[in-house]
Amino acid sequence: MAFRDGPFENIKVPLVATAAVAVAAAAVCAVLLLVSDGRAQASPYQPARAGVETVAGPVGGVFATPVRWFGSLADGIGGYFFAVSENRRLKRELAELQPWRDQAIALKNINARYEAMLGLQPEPDVPMKTARSVSDSRGPFSNARLLDIGSGQGIKVGNPVINEHGLVGRIVGTSGNVSRMLLLTDVASRTPVLVDRTDARAILTGDGSGNPRLEFMRNQDVQPGDRILSSGDGGGFPRGVPIGVAARGIDGSWRVKLFSDRGAIDYVKILLFDDFGQLVGSNDLNAPPLAGLDTLPEATGAQTAAIADAAARRSAAAEAQAERIRAANAAPPPAPTPAPARPRPQAAPPPAQPAPQETPTGGTE
Amino acid sequence: MRRPVAVRVVGPVQWIVYPALVTVALTMILATPVKLFGLSLPEPVIPLVLAFAWPLIRPSWVAPLVLTGVGLFLDIFWGGQGLLGMWALALLVVYAVVLAARSFLIGQDTAVLFVWYASGCGLAFLICYAIVSFKSGNMPSLLALIGQIVPTLLLFPFANSMIERFDDGDVRFR
């Protein structure tokens with residue numbers, strides 16, 4: 001008997017039903033993934049992300065290479081034909097910038113003297129690594145780029161990324177040779193910033209558009225055109241990295257026109273910046289209070305005698321004070337006495353004392 | 001004696017696996033960091049074409065699973081923070097809606113299909129917008145959203161051509 005003549009002849013596979021079951025099962029898995037996923041290193045799926053990015057990085061680099069060649073060729077042709085006008089423009093800019101250079105040198109000198117006088121500990125120079133962008137996502141829900149260097153080159157999560165114009169973003173994921181940079185415009189990006197003119201603090205919040213918002217601004221002390229810098233609050237970014245200028249958005253909110261948009265974000269520099277959370281070891285942060293006492297050497301006889309003497313003196317003083325209070329409470333209240341006559345006010349205030357002569361403060365304290 | 005007739009069987013490899021791979025490749029190409037005439041490349045959600053066309057071509061339990069894989073690839077490749085599973089869920093919802101309306105949509109005019117495609121895209125973006133707003137505590141820009149919806153809608157001809165090409169590709173489903 002042939003198979004088609006058997007009892008299975010009339011059985012039909014319920015295609016729609018099986019598809020619906022598959023959809024439901026897959027949707028449940030997607031929801032579970034969505035609920036359990038976290039941001040950046042907090043995500044339990046970071047190894048999976050790193051694996052995909054390790055593969056996608058070189059592939060994106062292959063796609064980007066001919067595009068970069070074409071761009072270099074176009075730049076070369078443009079530079080050849082517009083060399084004269086560009087030369088004139090550069091000379092004009094150079095003439096404008098030379099006074100600024102002299103002023104910057106003078107200010108740097110004065111600043112160094114102030115730091116020496118006040119005993120300030122200036123921030124150390126931050127080492128950098130140059131990287132190339134190999135992939136780009138620009139949608140409303142994510143703005144990120146893959147860079148072609150990773151943890152093998154010393155890149156860590158949290159490192160700030162700049163280009164020649166200003167701050168671009170920060171590293172949120174690394175694998176061996178690829179790292180992911182979250183742009184300032186991403187909807188998950190939050191950056192503490194300050195207004196250069198007023199030192200007012202705010203949080204730069206990305207929303208997927210090209211111009212992130214200024215939120216939680218103290219006193220709304222900002223004007224169009226104010227320079228926005230990183231404030232360094234929280235230790236995630238160094239202070240003073242240029243970000244952009246303030247402007248009113250079409251929705252009335254304060255936004256920032258990013259300096260980094262002035263040029264292509266193809267080559268970037270990653271600041272190997274350690275915030276205070278990284279400078280201090282986690283063991284030191286998690287140590288119990290006064291844990292250092294356990295490592296102190298034993299006290300000498302002289303130290304023990306001095307401590308005992310100080311304790312005896314302190315207890316004797318406390319007992320004497322308590323005795324005085326008891327005696328004061330036990331004594332009868334004194335008889336009322338007439339109040340002494342108040343001195344007459346002087347007709348004229350006493351002459352002002354001469355101001356003490358200022359002493360030169362040549363040294364540091 | 002009758003000559004044997006060659007039966008053209010269009011299996012899942014032809015209408016599911018190859019289009020999915022093409023979708024992934026196009027997504028990676030469009031992610032190239034380049035600006036032409038000052039403008040970046042568009043970034044449409046190409047798998048929405050598959051989520052709309054696949055249930056109309058033929059119900060299959062393979063398609064939702066592949067769609068989930070493509071959605072997870074989008075989540076990881078685009079680097080959404082804490083959003084793994086978002087695009088997979090959005091694509092599956094579109095697939096489920098079109099699958100439920102399959103008997104109504106089969107044989108409809110192209111204009112009707114476009115309206116359903118646009119509605120499906122709107123539903124997917126609405127789901128993603130709600131998820132991102134909830135998880136990041138921040139509403140994405142509507143202008144940026146429109147900037148991704150419009151290129152996605154412009155991909156409808158590809159969905160329509162897929163439906164016309166594979167709808168009757170397997171004679172067993174005629």
# chains A, B, ... in the order shown; residues from 1 in each chain; ligands from 1
>>> residues_around(residues="A:Glu53", least_positions_apart="6", cutoff="8 Å", atoms="only C-alpha atoms", output="MDAnalysis selection string")
(chainID A and resid 146 175 178:179) or (chainID B and resid 76:77)
>>> residues_around(residues="A:Ala25", least_positions_apart="5", cutoff="10 Å", atoms="only C-alpha atoms", output="NGL selection string")
(:A and (19-20 or 30)) or (:B and (64-65))
>>> write_last_selection(atoms="N, CA and C atoms", output="PDB file, in the first residue's frame")
ATOM      1  N   ALA A  19       2.973  28.325  12.331  1.00  0.00           N
ATOM      2  CA  ALA A  19       3.635  29.634  12.233  1.00  0.00           C
ATOM      3  C   ALA A  19       3.274  30.506  13.433  1.00  0.00           C
ATOM      4  N   ALA A  20       2.010  30.464  13.828  1.00  0.00           N
ATOM      5  CA  ALA A  20       1.582  31.276  14.969  1.00  0.00           C
ATOM      6  C   ALA A  20       2.271  30.826  16.247  1.00  0.00           C
ATOM      7  N   ALA A  30      12.032  37.030  22.802  1.00  0.00           N
ATOM      8  CA  ALA A  30      12.468  38.412  22.580  1.00  0.00           C
ATOM      9  C   ALA A  30      12.152  39.277  23.791  1.00  0.00           C
TER      10      ALA A  30
ATOM     11  N   PRO B  64       9.427  32.941  11.217  1.00  0.00           N
ATOM     12  CA  PRO B  64       9.528  33.704  12.475  1.00  0.00           C
ATOM     13  C   PRO B  64      10.857  33.519  13.181  1.00  0.00           C
ATOM     14  N   LEU B  65      11.402  32.314  13.092  1.00  0.00           N
ATOM     15  CA  LEU B  65      12.681  32.082  13.764  1.00  0.00           C
ATOM     16  C   LEU B  65      13.804  32.852  13.070  1.00  0.00           C
TER      17      LEU B  65
END
>>> interface_residues(of="chain A", to="chain B", cutoff="7 Å", atoms="only C-alpha atoms", output="PyMOL selection string")
chain A and resi 15-16+18-19+22-23+26-27+30-31+33-34+37-40+43+49+60+63-64+67+134-142+144+187-188+207-209
>>> select_by_dssp(residues="stretch 74-248 of chain A", states="strand (DSSP E)", output="count of residues only")
55
>>> residues_around(residues="B:Pro19", least_positions_apart="2", cutoff="12 Å", atoms="only C-alpha atoms", output="PyMOL selection string")
chain B and resi 12-17+21-26+46-51+53-54+63+66-67+70+158-159+162+166
>>> residues_around(residues="B:Gln108", least_positions_apart="5", cutoff="12 Å", atoms="only C-alpha atoms", output="number ranges by chain")
B: 56, 101-103, 113-116, 160, 163-164
>>> closest_residue(among="A:Ala299, A:Ala308, A:Ala200, A:Ile265", to="A:Ser133", atoms="only C-alpha atoms")
A:Ile265
>>> residues_around(residues="A:Arg218", least_positions_apart="6", cutoff="10 Å", atoms="only C-alpha atoms", output="list in words")
Leu194, Asp199, Ala200, Arg201, Ala202 and Ile203 of chain A
>>> write_last_selection(atoms="C-alpha atoms", output="JSON list (two decimals), in the first residue's frame")
[["chain", "number", "residue", "atom", "x", "y", "z"],
["A", 194, "LEU", "CA", 29.08, 73.37, 31.87],
["A", 199, "ASP", "CA", 30.07, 77.99, 34.76],
["A", 200, "ALA", "CA", 26.45, 76.81, 35.01],
["A", 201, "ARG", "CA", 26.08, 73.04, 35.08],
["A", 202, "ALA", "CA", 23.74, 70.93, 32.95],
["A", 203, "ILE", "CA", 23.32, 67.42, 31.59]]
>>> residues_around(residues="stretch 253-258 of chain A", least_positions_apart="6", cutoff="7 Å", atoms="only C-alpha atoms", output="PDB file with C-alpha atoms, in the first residue's frame")
ATOM      1  CA  ASN A 211      21.612  68.303  18.408  1.00  0.00           C
ATOM      2  CA  PRO A 212      21.347  66.878  21.939  1.00  0.00           C
ATOM      3  CA  ARG A 213      19.350  68.667  24.628  1.00  0.00           C
ATOM      4  CA  LEU A 214      20.591  70.575  27.670  1.00  0.00           C
ATOM      5  CA  ILE A 243      31.490  70.025  22.949  1.00  0.00           C
ATOM      6  CA  GLY A 244      29.560  72.706  21.052  1.00  0.00           C
ATOM      7  CA  VAL A 245      27.570  75.925  21.259  1.00  0.00           C
ATOM      8  CA  ALA A 246      24.146  76.435  22.799  1.00  0.00           C
ATOM      9  CA  ALA A 247      21.155  77.140  20.579  1.00  0.00           C
TER      10      ALA A 247
END
>>> atom_distance(atom1="atom CA of A:Val168", atom2="atom CA of A:Val126")
16.4 Å
>>> atom_distance(atom1="atom CA of B:Val94", atom2="atom CA of B:Tyr18")
20.3 Å
>>> select_by_dssp(residues="stretch 109-214 of chain A", states="alpha helix (DSSP H)", output="PyMOL selection string")
chain A and resi 109-118
>>> write_last_selection(atoms="N, CA and C atoms", output="tab-separated table (two decimals), in the first residue's frame")
chain	number	residue	atom	x	y	z
A	109	ASN	N	51.62	80.54	31.00
A	109	ASN	CA	52.68	80.86	31.95
A	109	ASN	C	52.11	81.34	33.28
A	110	ILE	N	51.13	82.26	33.21
A	110	ILE	CA	50.52	82.78	34.44
A	110	ILE	C	49.83	81.66	35.19
A	111	ASN	N	49.14	80.81	34.46
A	111	ASN	CA	48.41	79.70	35.08
A	111	ASN	C	49.37	78.76	35.81
A	112	ALA	N	50.50	78.50	35.19
A	112	ALA	CA	51.49	77.63	35.84
A	112	ALA	C	52.00	78.26	37.14
A	113	ARG	N	52.20	79.59	37.13
A	113	ARG	CA	52.66	80.26	38.36
A	113	ARG	C	51.59	80.19	39.45
A	114	TYR	N	50.33	80.41	39.06
A	114	TYR	CA	49.25	80.31	40.05
A	114	TYR	C	49.18	78.91	40.63
A	115	GLU	N	49.32	77.91	39.78
A	115	GLU	CA	49.26	76.52	40.28
A	115	GLU	C	50.39	76.26	41.27
A	116	ALA	N	51.58	76.81	40.96
A	116	ALA	CA	52.70	76.61	41.88
A	116	ALA	C	52.47	77.35	43.19
A	117	MET	N	51.94	78.58	43.13
A	117	MET	CA	51.69	79.35	44.35
A	117	MET	C	50.64	78.69	45.22
A	118	LEU	N	49.60	78.16	44.61
A	118	LEU	CA	48.51	77.58	45.39
A	118	LEU	C	48.75	76.11	45.73
>>> decode(residues="stretch 4-33 of chain B", atoms="N, CA and C atoms", output="short mmCIF file (atom, residue, chain, number, x, y, z; two decimals), in the first residue's frame")
data_model
loop_
_atom_site.label_atom_id
_atom_site.label_comp_id
_atom_site.auth_asym_id
_atom_site.auth_seq_id
_atom_site.Cartn_x
_atom_site.Cartn_y
_atom_site.Cartn_z
N PRO B 4 7.61 13.68 -18.45
CA PRO B 4 7.57 14.16 -17.06
C PRO B 4 7.69 15.68 -17.01
N VAL B 5 6.89 16.28 -16.15
CA VAL B 5 6.88 17.73 -15.99
C VAL B 5 7.78 18.09 -14.81
N ALA B 6 8.70 18.98 -15.08
CA ALA B 6 9.60 19.41 -14.01
C ALA B 6 8.85 20.33 -13.05
N VAL B 7 8.80 19.94 -11.82
CA VAL B 7 8.11 20.73 -10.80
C VAL B 7 9.13 21.64 -10.12
N ARG B 8 8.86 22.92 -10.19
CA ARG B 8 9.77 23.88 -9.56
C ARG B 8 9.36 24.06 -8.10
N VAL B 9 10.19 23.57 -7.24
CA VAL B 9 9.91 23.68 -5.81
C VAL B 9 10.76 24.80 -5.24
N VAL B 10 10.09 25.78 -4.69
CA VAL B 10 10.79 26.90 -4.08
C VAL B 10 10.81 26.65 -2.57
N GLY B 11 11.93 26.26 -2.09
CA GLY B 11 12.04 25.92 -0.69
C GLY B 11 12.37 27.11 0.18
N PRO B 12 12.48 26.86 1.46
CA PRO B 12 12.77 27.97 2.40
C PRO B 12 14.10 28.66 2.12
N VAL B 13 15.02 27.93 1.51
CA VAL B 13 16.30 28.56 1.22
C VAL B 13 16.12 29.72 0.25
N GLN B 14 15.25 29.52 -0.74
CA GLN B 14 15.07 30.55 -1.76
C GLN B 14 14.32 31.78 -1.22
N TRP B 15 13.26 31.55 -0.49
CA TRP B 15 12.43 32.71 -0.13
C TRP B 15 12.61 33.15 1.32
N ILE B 16 13.42 32.42 2.08
CA ILE B 16 13.66 32.86 3.47
C ILE B 16 15.15 33.15 3.70
N VAL B 17 15.98 32.16 3.44
CA VAL B 17 17.39 32.29 3.84
C VAL B 17 18.11 33.32 2.98
N TYR B 18 17.97 33.22 1.64
CA TYR B 18 18.69 34.16 0.78
C TYR B 18 18.24 35.61 1.02
N PRO B 19 16.92 35.88 1.06
CA PRO B 19 16.52 37.28 1.35
C PRO B 19 17.02 37.78 2.71
N ALA B 20 17.06 36.87 3.69
CA ALA B 20 17.54 37.30 5.01
C ALA B 20 19.02 37.68 4.95
N LEU B 21 19.81 36.87 4.22
CA LEU B 21 21.23 37.19 4.09
C LEU B 21 21.44 38.50 3.33
N VAL B 22 20.63 38.69 2.28
CA VAL B 22 20.73 39.95 1.52
C VAL B 22 20.39 41.14 2.42
N THR B 23 19.38 40.95 3.26
CA THR B 23 18.99 42.01 4.18
C THR B 23 20.13 42.37 5.14
N VAL B 24 20.76 41.34 5.68
CA VAL B 24 21.88 41.59 6.61
C VAL B 24 23.02 42.31 5.89
N ALA B 25 23.33 41.85 4.67
CA ALA B 25 24.43 42.47 3.92
C ALA B 25 24.12 43.93 3.60
N LEU B 26 22.88 44.20 3.18
CA LEU B 26 22.51 45.59 2.86
C LEU B 26 22.57 46.47 4.10
N THR B 27 22.15 45.92 5.23
CA THR B 27 22.20 46.70 6.47
C THR B 27 23.64 47.07 6.81
N MET B 28 24.54 46.12 6.60
CA MET B 28 25.95 46.41 6.91
C MET B 28 26.53 47.41 5.91
N ILE B 29 26.12 47.31 4.66
CA ILE B 29 26.65 48.27 3.67
C ILE B 29 26.14 49.68 3.98
N LEU B 30 24.86 49.79 4.33
CA LEU B 30 24.30 51.11 4.60
C LEU B 30 24.83 51.69 5.91
N ALA B 31 25.51 50.87 6.71
CA ALA B 31 26.12 51.39 7.94
C ALA B 31 27.52 51.92 7.70
N THR B 32 27.94 51.97 6.45
CA THR B 32 29.27 52.52 6.15
C THR B 32 29.31 53.99 6.54
N PRO B 33 30.31 54.37 7.30
CA PRO B 33 30.37 55.78 7.74
C PRO B 33 30.86 56.70 6.63
#
